[in-house]
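Enquirer: See final.pdb below, with PDB, C-alpha atoms, pLDDT in the B column.
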```pdb
ATOM      1  CA  MET A   1      -5.101 -10.882 -30.284  1.00 41.00           C
ATOM      2  CA  ALA A   2      -2.588  -9.818 -27.699  1.00 45.00           C
ATOM      3  CA  THR A   3      -1.750 -12.557 -25.255  1.00 46.00           C
ATOM      4  CA  SER A   4      -0.219 -12.557 -21.822  1.00 49.00           C
ATOM      5  CA  LYS A   5      -0.274 -15.252 -19.221  1.00 55.00           C
ATOM      6  CA  LEU A   6      -3.161 -15.278 -16.774  1.00 56.00           C
ATOM      7  CA  GLU A   7      -1.662 -14.329 -13.428  1.00 77.00           C
ATOM      8  CA  TYR A   8      -4.575 -15.123 -11.136  1.00 86.00           C
ATOM      9  CA  SER A   9      -7.534 -17.451 -11.504  1.00 88.00           C
ATOM     10  CA  PRO A  10     -10.951 -15.793 -11.097  1.00 87.00           C
ATOM     11  CA  VAL A  11     -11.248 -17.109  -7.521  1.00 89.00           C
ATOM     12  CA  GLN A  12      -7.723 -16.004  -6.576  1.00 88.00           C
ATOM     13  CA  CYS A  13      -8.483 -12.652  -8.133  1.00 89.00           C
ATOM     14  CA  LYS A  14     -11.654 -12.101  -6.067  1.00 89.00           C
ATOM     15  CA  ASN A  15      -9.975 -13.312  -2.875  1.00 89.00           C
ATOM     16  CA  ARG A  16      -6.957 -11.114  -3.369  1.00 90.00           C
ATOM     17  CA  ILE A  17      -9.020  -8.043  -4.134  1.00 91.00           C
ATOM     18  CA  SER A  18     -11.018  -8.585  -0.964  1.00 90.00           C
ATOM     19  CA  ALA A  19      -7.985  -9.287   1.283  1.00 91.00           C
ATOM     20  CA  THR A  20      -6.051  -6.378  -0.208  1.00 90.00           C
ATOM     21  CA  GLU A  21      -9.051  -4.157   0.465  1.00 89.00           C
ATOM     22  CA  ASP A  22      -8.721  -4.899   4.183  1.00 89.00           C
ATOM     23  CA  ALA A  23      -5.006  -4.114   4.129  1.00 92.00           C
ATOM     24  CA  ILE A  24      -5.474  -0.884   2.180  1.00 89.00           C
ATOM     25  CA  TYR A  25      -8.269   0.165   4.521  1.00 88.00           C
ATOM     26  CA  VAL A  26      -5.755   0.085   7.388  1.00 90.00           C
ATOM     27  CA  LEU A  27      -2.488   0.964   5.645  1.00 90.00           C
ATOM     28  CA  GLY A  28      -3.453   2.751   2.463  1.00 84.00           C
ATOM     29  CA  GLY A  29      -3.556   6.318   3.699  1.00 83.00           C
ATOM     30  CA  ARG A  30      -1.034   8.826   2.503  1.00 87.00           C
ATOM     31  CA  TRP A  31       0.797   8.804   5.846  1.00 93.00           C
ATOM     32  CA  THR A  32       0.115   5.543   7.678  1.00 94.00           C
ATOM     33  CA  ILE A  33       3.049   3.451   6.459  1.00 93.00           C
ATOM     34  CA  ARG A  34       5.387   6.419   6.728  1.00 94.00           C
ATOM     35  CA  VAL A  35       4.475   7.046  10.361  1.00 96.00           C
ATOM     36  CA  MET A  36       4.908   3.339  11.052  1.00 95.00           C
ATOM     37  CA  ILE A  37       8.401   3.373   9.489  1.00 94.00           C
ATOM     38  CA  GLY A  38       9.227   6.403  11.637  1.00 94.00           C
ATOM     39  CA  ILE A  39       8.229   4.457  14.741  1.00 95.00           C
ATOM     40  CA  LEU A  40      10.120   1.357  13.616  1.00 93.00           C
ATOM     41  CA  GLY A  41      13.102   3.699  13.164  1.00 91.00           C
ATOM     42  CA  GLY A  42      13.090   4.382  16.891  1.00 91.00           C
ATOM     43  CA  ASN A  43      11.280   7.714  16.908  1.00 93.00           C
ATOM     44  CA  ARG A  44       9.070   7.460  19.951  1.00 94.00           C
ATOM     45  CA  ARG A  45       8.018  10.982  20.758  1.00 96.00           C
ATOM     46  CA  PHE A  46       5.413  12.971  18.899  1.00 97.00           C
ATOM     47  CA  ASN A  47       7.801  15.779  17.972  1.00 96.00           C
ATOM     48  CA  GLU A  48      10.507  13.374  16.806  1.00 95.00           C
ATOM     49  CA  LEU A  49       7.973  11.665  14.582  1.00 96.00           C
ATOM     50  CA  GLN A  50       6.759  14.926  13.146  1.00 96.00           C
ATOM     51  CA  ARG A  51      10.329  15.847  12.226  1.00 95.00           C
ATOM     52  CA  THR A  52      11.028  12.431  10.694  1.00 94.00           C
ATOM     53  CA  VAL A  53       7.844  12.158   8.640  1.00 94.00           C
ATOM     54  CA  THR A  54       8.423  15.333   6.677  1.00 92.00           C
ATOM     55  CA  GLY A  55       5.329  17.325   5.839  1.00 94.00           C
ATOM     56  CA  ILE A  56       2.829  15.699   8.188  1.00 96.00           C
ATOM     57  CA  SER A  57       0.654  18.059  10.257  1.00 97.00           C
ATOM     58  CA  ALA A  58       0.225  17.577  13.998  1.00 97.00           C
ATOM     59  CA  LYS A  59      -3.461  16.870  13.528  1.00 97.00           C
ATOM     60  CA  MET A  60      -2.807  14.215  10.899  1.00 97.00           C
ATOM     61  CA  LEU A  61       0.004  12.616  12.909  1.00 97.00           C
ATOM     62  CA  SER A  62      -2.260  12.432  15.921  1.00 97.00           C
ATOM     63  CA  SER A  63      -4.996  10.764  13.902  1.00 97.00           C
ATOM     64  CA  GLU A  64      -2.537   8.284  12.319  1.00 97.00           C
ATOM     65  CA  LEU A  65      -1.137   7.351  15.720  1.00 97.00           C
ATOM     66  CA  LYS A  66      -4.649   6.605  16.986  1.00 97.00           C
ATOM     67  CA  LYS A  67      -5.343   4.451  13.948  1.00 96.00           C
ATOM     68  CA  LEU A  68      -2.106   2.489  14.414  1.00 96.00           C
ATOM     69  CA  GLU A  69      -2.934   1.978  18.086  1.00 96.00           C
ATOM     70  CA  VAL A  70      -6.468   0.732  17.360  1.00 95.00           C
ATOM     71  CA  ASN A  71      -4.992  -1.713  14.886  1.00 94.00           C
ATOM     72  CA  GLN A  72      -2.563  -2.990  17.526  1.00 94.00           C
ATOM     73  CA  LEU A  73       0.511  -1.951  15.582  1.00 96.00           C
ATOM     74  CA  ILE A  74       1.815   0.510  18.168  1.00 97.00           C
ATOM     75  CA  GLU A  75       1.378   1.013  21.866  1.00 97.00           C
ATOM     76  CA  ARG A  76       0.952   4.416  23.486  1.00 97.00           C
ATOM     77  CA  ILE A  77       2.771   4.561  26.798  1.00 96.00           C
ATOM     78  CA  VAL A  78       2.266   7.364  29.293  1.00 95.00           C
ATOM     79  CA  PHE A  79       4.991   7.957  31.871  1.00 93.00           C
ATOM     80  CA  SER A  80       2.768   9.773  34.315  1.00 90.00           C
ATOM     81  CA  GLU A  81       5.270   9.854  37.167  1.00 90.00           C
ATOM     82  CA  GLN A  82       7.327  12.393  35.223  1.00 83.00           C
ATOM     83  CA  THR A  83       6.660  16.124  35.023  1.00 86.00           C
ATOM     84  CA  PRO A  84       5.730  17.060  32.406  1.00 88.00           C
ATOM     85  CA  VAL A  85       4.095  13.733  31.572  1.00 91.00           C
ATOM     86  CA  VAL A  86       5.985  11.903  28.822  1.00 93.00           C
ATOM     87  CA  VAL A  87       4.173   9.979  26.093  1.00 95.00           C
ATOM     88  CA  GLU A  88       5.957   7.463  23.883  1.00 96.00           C
ATOM     89  CA  TYR A  89       4.819   5.359  20.977  1.00 97.00           C
ATOM     90  CA  ILE A  90       6.452   1.977  20.578  1.00 95.00           C
ATOM     91  CA  PRO A  91       5.975  -0.725  17.971  1.00 96.00           C
ATOM     92  CA  THR A  92       4.151  -3.861  19.132  1.00 96.00           C
ATOM     93  CA  PRO A  93       5.512  -7.312  18.297  1.00 95.00           C
ATOM     94  CA  TYR A  94       2.604  -7.573  15.837  1.00 95.00           C
ATOM     95  CA  SER A  95       4.006  -4.638  13.843  1.00 94.00           C
ATOM     96  CA  GLU A  96       6.731  -6.992  12.602  1.00 91.00           C
ATOM     97  CA  SER A  97       4.033  -8.442  10.346  1.00 92.00           C
ATOM     98  CA  LEU A  98       4.359  -5.233   8.300  1.00 93.00           C
ATOM     99  CA  LYS A  99       7.987  -5.824   7.426  1.00 88.00           C
ATOM    100  CA  ASP A 100       7.324  -7.676   4.163  1.00 89.00           C
ATOM    101  CA  ILE A 101       4.940  -4.946   3.028  1.00 92.00           C
ATOM    102  CA  ILE A 102       7.350  -2.140   3.923  1.00 93.00           C
ATOM    103  CA  THR A 103      10.263  -3.897   2.240  1.00 92.00           C
ATOM    104  CA  ALA A 104       8.245  -4.651  -0.896  1.00 93.00           C
ATOM    105  CA  LEU A 105       6.862  -1.095  -1.107  1.00 93.00           C
ATOM    106  CA  SER A 106      10.164   0.674  -0.509  1.00 93.00           C
ATOM    107  CA  GLN A 107      12.059  -1.519  -2.984  1.00 94.00           C
ATOM    108  CA  TRP A 108       9.387  -1.046  -5.598  1.00 95.00           C
ATOM    109  CA  GLY A 109       9.239   2.704  -4.968  1.00 94.00           C
ATOM    110  CA  ALA A 110      12.992   3.143  -5.349  1.00 93.00           C
ATOM    111  CA  ASN A 111      13.057   1.014  -8.486  1.00 94.00           C
ATOM    112  CA  HIS A 112       9.989   2.658 -10.000  1.00 94.00           C
ATOM    113  CA  ARG A 113      11.406   6.144  -9.560  1.00 91.00           C
ATOM    114  CA  THR A 114      14.509   5.079 -11.497  1.00 91.00           C
ATOM    115  CA  LYS A 115      12.422   3.425 -14.204  1.00 89.00           C
ATOM    116  CA  ILE A 116      10.052   6.353 -14.752  1.00 85.00           C
ATOM    117  CA  THR A 117      12.717   9.038 -14.618  1.00 86.00           C
ATOM    118  CA  THR A 118      15.129   7.266 -16.991  1.00 83.00           C
ATOM    119  CA  ALA A 119      12.648   5.649 -19.382  1.00 67.00           C
ATOM    120  CA  ASN A 120      11.858   8.577 -21.638  1.00 58.00           C
TER     121      ASN A 120
ATOM    122  CA  MET B   1      11.478   2.679  30.404  1.00 41.00           C
ATOM    123  CA  ALA B   2       9.834   0.453  27.820  1.00 45.00           C
ATOM    124  CA  THR B   3      12.268  -1.108  25.426  1.00 46.00           C
ATOM    125  CA  SER B   4      11.900  -2.656  22.015  1.00 49.00           C
ATOM    126  CA  LYS B   5      14.537  -3.386  19.479  1.00 55.00           C
ATOM    127  CA  LEU B   6      15.373  -0.668  16.986  1.00 55.00           C
ATOM    128  CA  GLU B   7      14.096  -1.910  13.659  1.00 77.00           C
ATOM    129  CA  TYR B   8      15.649   0.629  11.310  1.00 85.00           C
ATOM    130  CA  SER B   9      18.666   2.880  11.684  1.00 87.00           C
ATOM    131  CA  PRO B  10      17.966   6.613  11.206  1.00 87.00           C
ATOM    132  CA  VAL B  11      19.349   6.488   7.647  1.00 89.00           C
ATOM    133  CA  GLN B  12      17.387   3.359   6.731  1.00 88.00           C
ATOM    134  CA  CYS B  13      14.328   4.994   8.235  1.00 89.00           C
ATOM    135  CA  LYS B  14      14.653   8.170   6.112  1.00 89.00           C
ATOM    136  CA  ASN B  15      15.416   6.174   2.962  1.00 89.00           C
ATOM    137  CA  ARG B  16      12.510   3.847   3.473  1.00 90.00           C
ATOM    138  CA  ILE B  17      10.080   6.655   4.152  1.00 91.00           C
ATOM    139  CA  SER B  18      11.163   8.378   0.967  1.00 90.00           C
ATOM    140  CA  ALA B  19      11.073   5.258  -1.231  1.00 91.00           C
ATOM    141  CA  THR B  20       7.742   4.172   0.228  1.00 90.00           C
ATOM    142  CA  GLU B  21       6.394   7.650  -0.510  1.00 89.00           C
ATOM    143  CA  ASP B  22       7.064   7.066  -4.209  1.00 89.00           C
ATOM    144  CA  ALA B  23       5.332   3.688  -4.118  1.00 92.00           C
ATOM    145  CA  ILE B  24       2.328   5.020  -2.229  1.00 89.00           C
ATOM    146  CA  TYR B  25       2.080   7.951  -4.621  1.00 88.00           C
ATOM    147  CA  VAL B  26       1.516   5.460  -7.455  1.00 90.00           C
ATOM    148  CA  LEU B  27      -0.205   2.566  -5.685  1.00 90.00           C
ATOM    149  CA  GLY B  28      -1.722   4.004  -2.539  1.00 84.00           C
ATOM    150  CA  GLY B  29      -5.105   5.054  -3.854  1.00 83.00           C
ATOM    151  CA  ARG B  30      -8.201   3.282  -2.666  1.00 87.00           C
ATOM    152  CA  TRP B  31      -8.631   1.462  -5.977  1.00 93.00           C
ATOM    153  CA  THR B  32      -5.288   1.220  -7.769  1.00 94.00           C
ATOM    154  CA  ILE B  33      -4.055  -2.136  -6.479  1.00 93.00           C
ATOM    155  CA  ARG B  34      -7.522  -3.622  -6.752  1.00 94.00           C
ATOM    156  CA  VAL B  35      -7.845  -2.622 -10.408  1.00 96.00           C
ATOM    157  CA  MET B  36      -4.372  -4.037 -11.041  1.00 95.00           C
ATOM    158  CA  ILE B  37      -5.342  -7.363  -9.439  1.00 94.00           C
ATOM    159  CA  GLY B  38      -8.453  -7.386 -11.621  1.00 94.00           C
ATOM    160  CA  ILE B  39      -6.289  -6.996 -14.712  1.00 95.00           C
ATOM    161  CA  LEU B  40      -3.811  -9.623 -13.515  1.00 93.00           C
ATOM    162  CA  GLY B  41      -6.848 -11.867 -13.066  1.00 91.00           C
ATOM    163  CA  GLY B  42      -7.469 -11.754 -16.792  1.00 91.00           C
ATOM    164  CA  ASN B  43     -10.199  -9.114 -16.882  1.00 93.00           C
ATOM    165  CA  ARG B  44      -9.352  -7.095 -19.944  1.00 94.00           C
ATOM    166  CA  ARG B  45     -12.446  -5.184 -20.809  1.00 96.00           C
ATOM    167  CA  PHE B  46     -13.701  -2.106 -19.034  1.00 97.00           C
ATOM    168  CA  ASN B  47     -17.061  -3.669 -18.118  1.00 96.00           C
ATOM    169  CA  GLU B  48     -15.473  -6.886 -16.888  1.00 95.00           C
ATOM    170  CA  LEU B  49     -13.179  -4.859 -14.656  1.00 96.00           C
ATOM    171  CA  GLN B  50     -16.039  -2.818 -13.281  1.00 96.00           C
ATOM    172  CA  ARG B  51     -17.868  -6.004 -12.349  1.00 95.00           C
ATOM    173  CA  THR B  52     -14.773  -7.538 -10.746  1.00 94.00           C
ATOM    174  CA  VAL B  53     -13.698  -4.506  -8.723  1.00 94.00           C
ATOM    175  CA  THR B  54     -16.943  -4.195  -6.801  1.00 92.00           C
ATOM    176  CA  GLY B  55     -18.058  -0.671  -6.035  1.00 94.00           C
ATOM    177  CA  ILE B  56     -15.797   1.283  -8.390  1.00 96.00           C
ATOM    178  CA  SER B  57     -17.465   3.946 -10.518  1.00 97.00           C
ATOM    179  CA  ALA B  58     -16.851   4.178 -14.261  1.00 97.00           C
ATOM    180  CA  LYS B  59     -15.194   7.564 -13.825  1.00 97.00           C
ATOM    181  CA  MET B  60     -12.836   6.282 -11.156  1.00 97.00           C
ATOM    182  CA  LEU B  61     -12.027   3.106 -13.107  1.00 97.00           C
ATOM    183  CA  SER B  62     -11.216   5.183 -16.146  1.00 97.00           C
ATOM    184  CA  SER B  63      -8.897   7.409 -14.127  1.00 97.00           C
ATOM    185  CA  GLU B  64      -7.181   4.426 -12.475  1.00 97.00           C
ATOM    186  CA  LEU B  65      -6.604   2.777 -15.851  1.00 97.00           C
ATOM    187  CA  LYS B  66      -4.944   5.947 -17.148  1.00 97.00           C
ATOM    188  CA  LYS B  67      -2.722   6.103 -14.084  1.00 96.00           C
ATOM    189  CA  LEU B  68      -1.674   2.454 -14.479  1.00 96.00           C
ATOM    190  CA  GLU B  69      -0.921   3.058 -18.154  1.00 96.00           C
ATOM    191  CA  VAL B  70       1.197   6.153 -17.448  1.00 95.00           C
ATOM    192  CA  ASN B  71       3.148   4.120 -14.920  1.00 94.00           C
ATOM    193  CA  GLN B  72       3.764   1.402 -17.524  1.00 94.00           C
ATOM    194  CA  LEU B  73       1.931  -1.246 -15.543  1.00 96.00           C
ATOM    195  CA  ILE B  74      -0.750  -1.898 -18.150  1.00 97.00           C
ATOM    196  CA  GLU B  75      -1.076  -1.410 -21.870  1.00 97.00           C
ATOM    197  CA  ARG B  76      -4.221  -0.133 -23.544  1.00 97.00           C
ATOM    198  CA  ILE B  77      -4.807  -1.909 -26.824  1.00 96.00           C
ATOM    199  CA  VAL B  78      -7.355  -0.719 -29.369  1.00 95.00           C
ATOM    200  CA  PHE B  79      -8.610  -3.237 -31.908  1.00 93.00           C
ATOM    201  CA  SER B  80      -9.758  -0.674 -34.407  1.00 90.00           C
ATOM    202  CA  GLU B  81     -10.469  -3.116 -37.225  1.00 90.00           C
ATOM    203  CA  GLN B  82     -13.485  -4.404 -35.305  1.00 83.00           C
ATOM    204  CA  THR B  83     -16.905  -2.787 -35.171  1.00 86.00           C
ATOM    205  CA  PRO B  84     -17.591  -1.603 -32.584  1.00 88.00           C
ATOM    206  CA  VAL B  85     -13.969  -0.856 -31.720  1.00 91.00           C
ATOM    207  CA  VAL B  86     -12.716  -3.119 -28.932  1.00 93.00           C
ATOM    208  CA  VAL B  87     -10.422  -1.814 -26.199  1.00 95.00           C
ATOM    209  CA  GLU B  88      -8.475  -4.163 -23.927  1.00 96.00           C
ATOM    210  CA  TYR B  89      -6.185  -3.572 -20.998  1.00 97.00           C
ATOM    211  CA  ILE B  90      -3.351  -6.034 -20.530  1.00 95.00           C
ATOM    212  CA  PRO B  91      -0.655  -6.244 -17.889  1.00 96.00           C
ATOM    213  CA  THR B  92       2.856  -5.320 -19.035  1.00 96.00           C
ATOM    214  CA  PRO B  93       5.824  -7.535 -18.126  1.00 94.00           C
ATOM    215  CA  TYR B  94       6.816  -4.756 -15.704  1.00 95.00           C
ATOM    216  CA  SER B  95       3.591  -5.300 -13.731  1.00 94.00           C
ATOM    217  CA  GLU B  96       5.122  -8.526 -12.416  1.00 91.00           C
ATOM    218  CA  SER B  97       7.200  -6.270 -10.174  1.00 92.00           C
ATOM    219  CA  LEU B  98       4.011  -5.711  -8.180  1.00 93.00           C
ATOM    220  CA  LYS B  99       3.605  -9.347  -7.251  1.00 88.00           C
ATOM    221  CA  ASP B 100       5.508  -9.146  -3.961  1.00 89.00           C
ATOM    222  CA  ILE B 101       3.501  -6.113  -2.903  1.00 92.00           C
ATOM    223  CA  ILE B 102       0.178  -7.711  -3.817  1.00 93.00           C
ATOM    224  CA  THR B 103       1.087 -10.955  -2.068  1.00 92.00           C
ATOM    225  CA  ALA B 104       2.302  -9.162   1.059  1.00 93.00           C
ATOM    226  CA  LEU B 105      -0.767  -6.888   1.194  1.00 93.00           C
ATOM    227  CA  SER B 106      -3.325  -9.619   0.615  1.00 92.00           C
ATOM    228  CA  GLN B 107      -1.749 -11.988   3.135  1.00 94.00           C
ATOM    229  CA  TRP B 108      -1.529  -9.236   5.720  1.00 95.00           C
ATOM    230  CA  GLY B 109      -5.103  -8.123   5.030  1.00 94.00           C
ATOM    231  CA  ALA B 110      -6.514 -11.631   5.447  1.00 93.00           C
ATOM    232  CA  ASN B 111      -4.509 -12.193   8.621  1.00 94.00           C
ATOM    233  CA  HIS B 112      -5.321  -8.783  10.059  1.00 94.00           C
ATOM    234  CA  ARG B 113      -9.060  -9.242   9.597  1.00 91.00           C
ATOM    235  CA  THR B 114      -8.858 -12.487  11.581  1.00 91.00           C
ATOM    236  CA  LYS B 115      -6.742 -10.852  14.272  1.00 89.00           C
ATOM    237  CA  ILE B 116      -8.954  -7.808  14.759  1.00 85.00           C
ATOM    238  CA  THR B 117     -12.255  -9.673  14.619  1.00 85.00           C
ATOM    239  CA  THR B 118     -11.206 -12.411  17.036  1.00 83.00           C
ATOM    240  CA  ALA B 119      -9.020 -10.395  19.425  1.00 67.00           C
ATOM    241  CA  ASN B 120     -11.685  -8.830  21.637  1.00 58.00           C
TER     242      ASN B 120
END
```
Now that the file is in, can you turn its structure into structure tokens?

Expert:
Amino acid sequence: MATSKLEYSPVQCKNRISATEDAIYVLGGRWTIRVMIGILGGNRRFNELQRTVTGISAKMLSSELKKLEVNQLIERIVFSEQTPVVVEYIPTPYSESLKDIITALSQWGANHRTKITTAN
Amino acid sequence: MATSKLEYSPVQCKNRISATEDAIYVLGGRWTIRVMIGILGGNRRFNELQRTVTGISAKMLSSELKKLEVNQLIERIVFSEQTPVVVEYIPTPYSESLKDIITALSQWGANHRTKITTAN
């Protein structure tokens, strides 16, 4: 029989699946994390974000921004005293909680691309 | 004007978006990470996995297992000397590279659920 060490106990396994489910529900979309990185990169205006997150449609960007706002990761600020009205999206202090996830995902992604493209 | 510190430089931002894209391409599906946690939890047989990853269909589980195998995260082992033939899925050593992501996602998910459900 093949053997490999058991990484998670059954209880850990169930708990992690359930907690990960909540995270993926919020962050797991094709664009969510990418839009968030764009905002953490200082892109505050809708058009800037659309240029930075290559390939995203205006409709999708708009829907992602709403989702991030509902989840308290960004704040939508309207400067209504200006003409035309200016809208900016800024990261909330809570968005710093995403740093570990973004770091882990981007490191793994860069490494995995190298592994898969050089392996065969 | 609202201010918040710039988290990523423009170059870091572009690089991270691109590397994260690769990770999300592999791991970002609704089920992928959950199936992987199931396997890391010692569930090796198809039926065990389907019980552990609540709600996944057989068709979807089968497709996720193929994807994980192609990406060298699990190995599919056929014990053909047995009747009926037994098939097991085991994590590869490379799957340990996912630990940081799984830990970060499950911690964030657990914390985020508390935050959102108690905030209002």

Enquirer: Could the residues of chain B within 7 Å of chain A, counting all atoms listed in the file, be given as a PyMOL selection string, please?

Expert: chain B and resi 6-10+13+16-17+19-20+22-24+28-30+34+37-38+40-42+100-101+104-106+108-110+113

Enquirer: Can you translate the PyMOL selection byres ((chain B and resi 46) around 8) into the concrete residues it hits in this file, as a PyMOL selection string?

Expert: chain B and resi 44-45+47-50+87-89

Enquirer: Take chain A, lay it over chain B with a least-squares fit on all the Cα atoms in order, then hand it over as a compact mmCIF listing (two decimals) with C-alpha atoms, in the coordinates of the input.

Expert:
```
# COMPACT_ATOMS: atom_id res chain seq x y z
CA MET A 1 11.47 2.58 30.38
CA ALA A 2 9.81 0.39 27.81
CA THR A 3 12.27 -1.18 25.43
CA SER A 4 11.91 -2.71 22.01
CA LYS A 5 14.55 -3.41 19.45
CA LEU A 6 15.36 -0.67 16.97
CA GLU A 7 14.10 -1.92 13.63
CA TYR A 8 15.65 0.64 11.31
CA SER A 9 18.67 2.89 11.68
CA PRO A 10 17.98 6.62 11.20
CA VAL A 11 19.37 6.50 7.65
CA GLN A 12 17.39 3.37 6.73
CA CYS A 13 14.33 5.01 8.22
CA LYS A 14 14.66 8.18 6.11
CA ASN A 15 15.42 6.19 2.96
CA ARG A 16 12.50 3.86 3.45
CA ILE A 17 10.07 6.67 4.14
CA SER A 18 11.16 8.40 0.96
CA ALA A 19 11.07 5.26 -1.24
CA THR A 20 7.74 4.18 0.23
CA GLU A 21 6.39 7.64 -0.52
CA ASP A 22 7.06 7.07 -4.22
CA ALA A 23 5.33 3.69 -4.13
CA ILE A 24 2.31 5.02 -2.24
CA TYR A 25 2.06 7.96 -4.63
CA VAL A 26 1.51 5.46 -7.46
CA LEU A 27 -0.21 2.57 -5.69
CA GLY A 28 -1.72 4.02 -2.55
CA GLY A 29 -5.12 5.04 -3.85
CA ARG A 30 -8.22 3.28 -2.66
CA TRP A 31 -8.64 1.45 -5.98
CA THR A 32 -5.29 1.23 -7.77
CA ILE A 33 -4.06 -2.13 -6.48
CA ARG A 34 -7.53 -3.61 -6.76
CA VAL A 35 -7.85 -2.63 -10.42
CA MET A 36 -4.38 -4.03 -11.04
CA ILE A 37 -5.35 -7.37 -9.44
CA GLY A 38 -8.47 -7.40 -11.62
CA ILE A 39 -6.29 -7.00 -14.71
CA LEU A 40 -3.81 -9.62 -13.51
CA GLY A 41 -6.86 -11.88 -13.05
CA GLY A 42 -7.47 -11.75 -16.79
CA ASN A 43 -10.21 -9.13 -16.88
CA ARG A 44 -9.34 -7.11 -19.95
CA ARG A 45 -12.46 -5.19 -20.83
CA PHE A 46 -13.71 -2.12 -19.03
CA ASN A 47 -17.06 -3.67 -18.12
CA GLU A 48 -15.47 -6.90 -16.88
CA LEU A 49 -13.18 -4.86 -14.66
CA GLN A 50 -16.02 -2.81 -13.30
CA ARG A 51 -17.86 -6.00 -12.35
CA THR A 52 -14.77 -7.54 -10.75
CA VAL A 53 -13.69 -4.51 -8.73
CA THR A 54 -16.93 -4.20 -6.81
CA GLY A 55 -18.05 -0.68 -6.05
CA ILE A 56 -15.80 1.26 -8.40
CA SER A 57 -17.48 3.95 -10.54
CA ALA A 58 -16.85 4.17 -14.27
CA LYS A 59 -15.21 7.55 -13.84
CA MET A 60 -12.85 6.27 -11.16
CA LEU A 61 -12.02 3.10 -13.11
CA SER A 62 -11.21 5.19 -16.15
CA SER A 63 -8.91 7.42 -14.14
CA GLU A 64 -7.18 4.43 -12.48
CA LEU A 65 -6.61 2.78 -15.85
CA LYS A 66 -4.95 5.95 -17.15
CA LYS A 67 -2.73 6.10 -14.09
CA LEU A 68 -1.68 2.46 -14.48
CA GLU A 69 -0.93 3.06 -18.15
CA VAL A 70 1.20 6.16 -17.45
CA ASN A 71 3.14 4.13 -14.92
CA GLN A 72 3.76 1.41 -17.51
CA LEU A 73 1.93 -1.25 -15.54
CA ILE A 74 -0.75 -1.91 -18.15
CA GLU A 75 -1.08 -1.42 -21.86
CA ARG A 76 -4.23 -0.14 -23.54
CA ILE A 77 -4.81 -1.91 -26.83
CA VAL A 78 -7.35 -0.73 -29.38
CA PHE A 79 -8.61 -3.24 -31.93
CA SER A 80 -9.75 -0.66 -34.43
CA GLU A 81 -10.45 -3.10 -37.25
CA GLN A 82 -13.46 -4.39 -35.32
CA THR A 83 -16.89 -2.76 -35.19
CA PRO A 84 -17.58 -1.58 -32.60
CA VAL A 85 -13.95 -0.86 -31.73
CA VAL A 86 -12.71 -3.12 -28.93
CA VAL A 87 -10.41 -1.83 -26.20
CA GLU A 88 -8.48 -4.17 -23.92
CA TYR A 89 -6.19 -3.58 -21.00
CA ILE A 90 -3.36 -6.04 -20.52
CA PRO A 91 -0.66 -6.24 -17.88
CA THR A 92 2.86 -5.32 -19.02
CA PRO A 93 5.82 -7.53 -18.11
CA TYR A 94 6.81 -4.75 -15.68
CA SER A 95 3.58 -5.30 -13.72
CA GLU A 96 5.13 -8.53 -12.40
CA SER A 97 7.21 -6.27 -10.16
CA LEU A 98 4.00 -5.71 -8.16
CA LYS A 99 3.61 -9.35 -7.23
CA ASP A 100 5.53 -9.14 -3.95
CA ILE A 101 3.51 -6.10 -2.89
CA ILE A 102 0.18 -7.71 -3.80
CA THR A 103 1.09 -10.95 -2.05
CA ALA A 104 2.31 -9.15 1.07
CA LEU A 105 -0.76 -6.88 1.21
CA SER A 106 -3.33 -9.61 0.63
CA GLN A 107 -1.74 -11.97 3.16
CA TRP A 108 -1.53 -9.23 5.73
CA GLY A 109 -5.10 -8.11 5.04
CA ALA A 110 -6.51 -11.61 5.46
CA ASN A 111 -4.51 -12.18 8.63
CA HIS A 112 -5.31 -8.76 10.08
CA ARG A 113 -9.04 -9.22 9.60
CA THR A 114 -8.85 -12.47 11.60
CA LYS A 115 -6.74 -10.84 14.30
CA ILE A 116 -8.95 -7.78 14.77
CA THR A 117 -12.24 -9.65 14.63
CA THR A 118 -11.19 -12.40 17.06
CA ALA A 119 -9.01 -10.39 19.45
CA ASN A 120 -11.65 -8.82 21.65
```

Enquirer: Tell me, in Å to one decimal, how far CA of Ser95 in chain A is from CA of Arg51 in chain A.

Expert: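 A separation of 21.5 Å between them.
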
Enquirer: In terms of the shortest atom-to-atom distance over all atoms listed in the file, which of A:Pro84, A:Thr32, A:Val78, A:Leu73 is closest to Met60 in chain A?

Expert: A:Thr32

Enquirer: CA of Ile74 in chain A and CA of Thr114 in chain B, how far apart in Å?

Expert: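 For CA of Thr114 in chain B relative to CA of Ile74 in chain A, the distance reads 18.1 Å.
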
Enquirer: Could you jot down the CA of Lys67 in chain B to CA of Leu61 in chain A separation for me, Å, one decimal place?

Expert: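 One can read the CA of Lys67 in chain B to CA of Leu61 in chain A distance as 27.9 Å.
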